[in-house]
Structures are given as C-alpha cells and as structure tokens.
Amino acid sequence: MKLNDEEKAMLAGDLGEPKRWAMDHMIRVGDMFEAADFVSVSQAHMMADPESVGVAGVEFLEGMASHPPKDRRVSVPMITDPRGVDLSYYRPLGQTEEMADLDRRTIAACEALGILMTNTCINYQTIMPPVFGDHVAFGDTGVVIYCNSVLGARSNFEGGPSALAAGLTGRTPRYGLHLDENRKATKRFVIRHQPQGLTDWGVLGGWIGRQSGSYWEVPVLEGIDAVPTSDEMKHMGAAMASFGSTPLFHIVGITPEAPTLASVCDGAPPEAEEITKADLDGLRSSFGGKGDKVDVVVFAAPQLSLVELSRVADLVDGKKLSADTSMIVCTSPAVATDADRFGLTARIEACGAKVLRGTCFYNQYAREIGEANGWKRLLSNSTKIVNIISGYGYEPALASMEECVASAVAGEIV
C-alpha cells in the first residue's frame with residue numbers, strides 16, 4: 001500500500017506503539033482487499049460490548065490504555081455501540097457481577113483511549129450523523145447500512161480491531177464502499193406492496209437482504225410511493241443487513257445517490273425482480289403464530305428512538321403486563337435522558353416493563369438471561385432480532401408494535 005509521510009511515521013513507531021499497531025493492522029486488512037492506499041475518516045464507531053470483546057479483548061484494550069496519554073489517544077472522534085450490561089440494572093436480569101465487572105473494565109480502558117462511551121447503534125439519529133460523501137469507519141451493521149444508504153456517507157463493516165485502528169490513526173484502507181464503483185446497483189427490486197409500519201419495513205428489508213445474500217451486492221428499490229421515516233429506514237436497513245450482510249441500498253428518487261435509476265447503475269440496469277405482498281407475508285409467517293405463549297416482549301435491535309418510545313408509552317398507558325410475560329425496551333443513554341425528562345420512561349415502566357439504557361437485547365448475554373428467567377418464546381416488532389435470536393436459544397415471533405404490547409398484556413400472541 002502507498003503510505004504518506006505521517007503513515008510511514010506511525011508504522012515505524014515514531015508516534016507511539018498504539019498507532020504502530022493500528023497502522024500495521026490496517027495494512028494487513030488493506031493488502032487482503034487490494035487497497036491502493038488509505039482514506040481519511042472523520043469519525044469511528046466500535047462494537048465494545050464485553051460479550052463480543054471477551055476477556056482477551058478487554059485485556060488487549062487495557063494494554064493499549066497503559067501507554068502514555070499522548071500515544072494512546074484516538075485521533076478522530078470515536079464512539080461505541082451498545083454495551084452488554086446496563087450497570088444500573090443487571091442483577092434482576094440474571095446477569096452476574098463478573099459480567100458487570102468485565103463491562104466496567106471495558107469502559108475504563110476505552111475512556112483512557114479517549115473513546116466516547118455513547119453505547120448506541122442509532123448514533124445517526126442522536127450523535128453527529130455523517131454527511132453526504134463523508135468517509136467514516138463504523139462497526140455496527142445497522143449503523144453502516146443506514147449511513148451509507150440514507151445519508152450517503154461511506155463506510156465498510158469495520159470489525160472491532162479495525163474500527164479501533166481507524167480511531168487511533170484517523171484513516172482506513174480505501175476499498176469496498178469507499179470506492180465509487182462498488183456503490184453501483186447490482187440487484188433491482190420493484191415493490192408491489194407498500195409497507196405499513198415499522199415491522200412491514202423490516203420484513204421488506206429482510207426479504208431484500210435474503211435475496212441479495214452478499215456483502216458485495218447493492219440492491220436498488222423502485223416503487224416506493226412515499227418517503228420513509230427515519231425509523232422506517234432504520235428497521236429496513238437493520239433487517240437487510242441481518243438477512244443478507246448488505247451494507248448499502250438505494251431507493252430511486254429518495255436516497256441521495258439515486259435521484260434516478262440510471263444514476264446508480266453502471267450501464268444497463270439489472271434485471272428487475274418484483275416483491276409482492278405474498279412474498280412478504282411468507283417471510284413474516286415463518287416467525288410465530290397467534291395463541292402462542294409469550295415469555296418476553298423485546299423492543300430493541302435497533303435501539304428505540306424518542307419517537308418510538310413515545311409510541312410505546314401511548315400503547316401501555318393504563319395497562320399491566322401479564323404476570324407470565326416480561327417486556328424489555330432498549331434505547332441509547334442520550335434518548336433515555338430525554339425519555340426521562342418527558343415522562344416516557346415512567347409511563348412505560350408503570351405497566352411492568354423495563355427500559356434499559358445503552359444496551360441492546362441480543363448482545364447483553366441474551367442466552368444467559370433467557371436461561372436465568374426461563375424465557376423461551378420471544379416476541380418483537382424487530383425483523384432483525386427475530387432473525388438472529390434463535391441462535392441464543394429462543395423461539396422468536398414477529399408482530400407489530402401494537403400487537404406486541406397487546407400480547408404482553410394478554411400473555412400470548414394476539
């Protein structure tokens with residue numbers, strides 16, 4: 001890879017061991033993807049929950065944090081994905097002190113490196129969203145697909161070490177979606193049934209992701225009649241990335257790189273594939289059915305926006321959860337502060353639910369807390385979470401937000 005003078009100095013260790021490690025790591029990544037050089041990034045975002053990082057990862061971060069401050073501090077603003085433990089509420093979930101201690105150690109090491117513990121997968125709704133054409137190094141798949149597609153920023157899926165390396169050096173290898181040619185549409189879908197509500201948008205994203213099935217495929221959508229809201233885009237993108245490892249989509253006439261179909265095509269457009277109501281109903285029907293007992297209702301993956309929390313609060317007003325059903329609502333610390341201020345948290349928790357801050361359900365030791373609480377049947381309005389949660393020992397079911405709340409009150413899918 002071609003290096004400039006500053007990059008050569010980092011690789012030589014002239015700017016400290018953390019940056020030397022970071023540059024060496026990124027050269028290895030760049031060589032694998034045949035990157036010619038590096039591109040400067042304006043910010044980085046890293047998954048830092050202790051379940052993903054593990055003991056070895058925490059020890060690695062602590063080793064980095066042991067270097068002198070001038071050597072170890074990140075070079076660009078760097079933020080974090082949801083943590084694995086809400087330290088204000090973890091024992092009632094069945095999480096252990098060992099889990100909490102690993103989380104505390106992760107936080108201390110990250111803070112010593114100058115990382116901002118934002119603990120969110122919706123930073124594009126809450127914290128300095130990147131702008132059109134902005135190169136960034138983001139780690140969460142839902143974050144990456146939203147920022148690439150909806151905002152027109154540029155990021156690959158960065159693994160934890162690569163995101164940290166980008167934060168330390170302020171750059172990442174120029175490959176993948178940092179290159180114009182890899183942002184062109186390779187799949188084309190014509191929507192014949194308009195989504196209604198967040199779950200519908202998630203199901204649509206899941207179907208497209210499943211049909212795409214590769215990181216290197218870029219779907220373009222036609223036939224969307226109205227501009228989706230931020231939350232609708234969020235659910236569609238998160239599901240698309242979950243079902244298909246998809247990091248970028250275009251919607252003709254809506255997303256910033258697709259004013260026309262021709263603008264995102266390299267030559268003739270790909271052959272069109274129609275998506276019908278029957279297609280979407282088929283995917284939805286594979287997750288649960290009416291009358292099934294519900295152990296836990298989960299609103300998470302992605303974390304909820306303030307608008308979503310307001311809707312949950314409206315739905316639970318005056319209601320009480322079934323004695324046999326729990327409800328977990330996950331949001332970011334920034335959104336939680338506003339939810340407290342507006343009284344939304346108190347309204348939600350008055351029904352028996354719990355609002356967790358800075359975590360997301362599936363990366364907070366989901367298997368262990370399921371076993372501790374006897375949870376098996378999980379209901380959610382998130383297409384992403386029902387796609388992945390069976391790997392943690394759950395039997396997932398999918399329903400709208402309204403149906404989820406009603407089911408939590410009834411104790412069974414309504």
# chains A, B, ... in the order shown; residues from 1 in each chain; ligands from 1
>>> residues_around(residues="Ala165 in chain A", least_positions_apart="5", cutoff="12 Å", atoms="only C-alpha atoms", output="PDB file with C-alpha atoms, in the first residue's frame")
ATOM      1  CA  MET A  10       3.114   5.712  12.513  1.00  0.00           C
ATOM      2  CA  LEU A  11       4.220   2.377  11.073  1.00  0.00           C
ATOM      3  CA  GLU A  17       3.068   1.796  19.931  1.00  0.00           C
ATOM      4  CA  PRO A  18      -0.745   2.029  19.678  1.00  0.00           C
ATOM      5  CA  LYS A  19      -0.535   3.830  16.328  1.00  0.00           C
ATOM      6  CA  ARG A  20       2.197   1.469  15.136  1.00  0.00           C
ATOM      7  CA  TRP A  21      -0.065  -1.492  15.891  1.00  0.00           C
ATOM      8  CA  ALA A  22      -3.013   0.248  14.246  1.00  0.00           C
ATOM      9  CA  MET A  23      -1.140   1.020  11.044  1.00  0.00           C
ATOM     10  CA  ASP A  24       0.283  -2.493  10.834  1.00  0.00           C
ATOM     11  CA  HIS A  25      -3.196  -3.965  11.333  1.00  0.00           C
ATOM     12  CA  MET A  26      -4.767  -1.783   8.662  1.00  0.00           C
ATOM     13  CA  ILE A  27      -2.032  -2.506   6.134  1.00  0.00           C
ATOM     14  CA  ARG A  28      -2.816  -6.216   6.561  1.00  0.00           C
ATOM     15  CA  VAL A  29      -6.527  -5.526   6.009  1.00  0.00           C
ATOM     16  CA  VAL A  41     -12.123   9.294   8.130  1.00  0.00           C
ATOM     17  CA  GLN A  43     -15.123   9.516  12.928  1.00  0.00           C
ATOM     18  CA  ALA A  44     -15.098   5.887  14.047  1.00  0.00           C
ATOM     19  CA  HIS A  45     -17.653   3.655  15.786  1.00  0.00           C
ATOM     20  CA  MET A  46     -16.716   0.414  17.559  1.00  0.00           C
ATOM     21  CA  LEU A  61      -7.731  -2.693  25.348  1.00  0.00           C
ATOM     22  CA  MET A  64      -3.403  -0.125  24.798  1.00  0.00           C
ATOM     23  CA  ARG A  72      -2.846   6.197  23.142  1.00  0.00           C
ATOM     24  CA  ARG A  73      -5.481   8.845  22.450  1.00  0.00           C
ATOM     25  CA  VAL A  74      -7.661   8.403  19.370  1.00  0.00           C
ATOM     26  CA  SER A  75      -7.067  10.856  16.518  1.00  0.00           C
ATOM     27  CA  VAL A  76     -10.693  11.422  15.447  1.00  0.00           C
ATOM     28  CA  MET A  78     -14.703   7.743  18.269  1.00  0.00           C
ATOM     29  CA  LEU A 113      -8.092   5.877  24.932  1.00  0.00           C
ATOM     30  CA  ALA A 137     -15.195   3.790   9.929  1.00  0.00           C
ATOM     31  CA  PHE A 138     -18.313   2.293  11.533  1.00  0.00           C
ATOM     32  CA  GLY A 139     -18.691  -1.129  13.106  1.00  0.00           C
ATOM     33  CA  GLU A 158     -15.406  -2.496  10.370  1.00  0.00           C
ATOM     34  CA  GLY A 159     -14.533  -5.252  12.829  1.00  0.00           C
ATOM     35  CA  GLY A 160     -13.646  -4.153  16.362  1.00  0.00           C
ATOM     36  CA  GLY A 170      -7.824   8.738  11.533  1.00  0.00           C
ATOM     37  CA  ARG A 171      -7.888   6.623   8.384  1.00  0.00           C
ATOM     38  CA  THR A 172      -8.938   3.282   6.932  1.00  0.00           C
ATOM     39  CA  PRO A 173      -7.950   1.301   3.806  1.00  0.00           C
TER      40      PRO A 173
END
>>> residues_around(residues="Gly54 in chain A", least_positions_apart="5", cutoff="9 Å", atoms="only C-alpha atoms", output="ChimeraX atom specification")
/A:49,59,102
>>> residues_around(residues="Leu116 in chain A", least_positions_apart="4", cutoff="9 Å", atoms="only C-alpha atoms", output="PDB file with C-alpha atoms, in the first residue's frame")
ATOM      1  CA  PRO A  77     -13.995  11.355  17.360  1.00  0.00           C
ATOM      2  CA  MET A  78     -14.703   7.743  18.269  1.00  0.00           C
ATOM      3  CA  ILE A  79     -17.940   6.358  19.711  1.00  0.00           C
ATOM      4  CA  THR A  80     -19.296   2.984  20.794  1.00  0.00           C
ATOM      5  CA  CYS A 110     -11.999   2.874  26.272  1.00  0.00           C
ATOM      6  CA  GLU A 111     -12.231   6.126  28.197  1.00  0.00           C
TER       7      GLU A 111
END
>>> atom_distance(atom1="CA of Ser42 in chain A", atom2="CA of Ala258 in chain A")
23.7 Å
>>> closest_residue(among="A:Glu402, A:Glu222, A:Asp140, A:Asp279", to="Asp81 in chain A", atoms="only C-alpha atoms")
A:Asp140
>>> residues_around(residues="Gly142 in chain A", least_positions_apart="3", cutoff="9 Å", atoms="only C-alpha atoms", output="compact mmCIF listing (two decimals) with C-alpha atoms, in the first residue's frame")
# COMPACT_ATOMS: atom_id res chain seq x y z
CA CYS A 121 -26.47 1.66 17.46
CA ILE A 122 -28.59 4.69 16.45
CA GLY A 139 -18.69 -1.13 13.11
CA ILE A 145 -26.20 0.45 6.10
CA TYR A 146 -28.17 3.48 7.32
CA CYS A 147 -25.23 5.86 6.95
CA LYS A 234 -33.71 2.15 10.31
CA HIS A 235 -35.76 -1.04 10.60
CA GLY A 237 -31.74 -1.36 6.81
CA ALA A 238 -31.05 -3.28 10.02
CA ALA A 239 -33.07 -6.26 8.76
CA MET A 240 -31.48 -6.10 5.30
CA ALA A 241 -28.00 -6.19 6.83
CA SER A 242 -29.02 -9.02 9.18
CA PRO A 247 -24.15 -2.64 3.65
CA ALA A 301 -32.25 -4.14 17.63
CA PRO A 302 -32.09 -1.31 16.72
>>> residues_around(residues="range 129-131 of chain A", least_positions_apart="4", cutoff="10 Å", atoms="only C-alpha atoms", output="list in words")
Ser42, Gln43, Ile122, Asn123, Tyr124, Gln125, His135, Val136, Cys147, Asn148, Val150, Leu151, Gly152, Ala153 and Arg154 of chain A
>>> residues_around(residues="Arg192 in chain A", least_positions_apart="5", cutoff="8 Å", atoms="only C-alpha atoms", output="MDAnalysis selection string")
chainID A and resid 223 274:277
>>> write_last_selection(atoms="C-alpha atoms", output="mmCIF file, in the first residue's frame")
data_model
loop_
_atom_site.group_PDB
_atom_site.id
_atom_site.type_symbol
_atom_site.label_atom_id
_atom_site.label_comp_id
_atom_site.auth_asym_id
_atom_site.auth_seq_id
_atom_site.Cartn_x
_atom_site.Cartn_y
_atom_site.Cartn_z
ATOM 1 C CA GLY A 223 -41.957 1.539 -6.499
ATOM 2 C CA GLU A 274 -40.887 -7.941 -8.199
ATOM 3 C CA ILE A 275 -41.681 -8.127 -4.477
ATOM 4 C CA THR A 276 -45.325 -8.868 -3.716
ATOM 5 C CA LYS A 277 -47.466 -8.990 -0.596
#
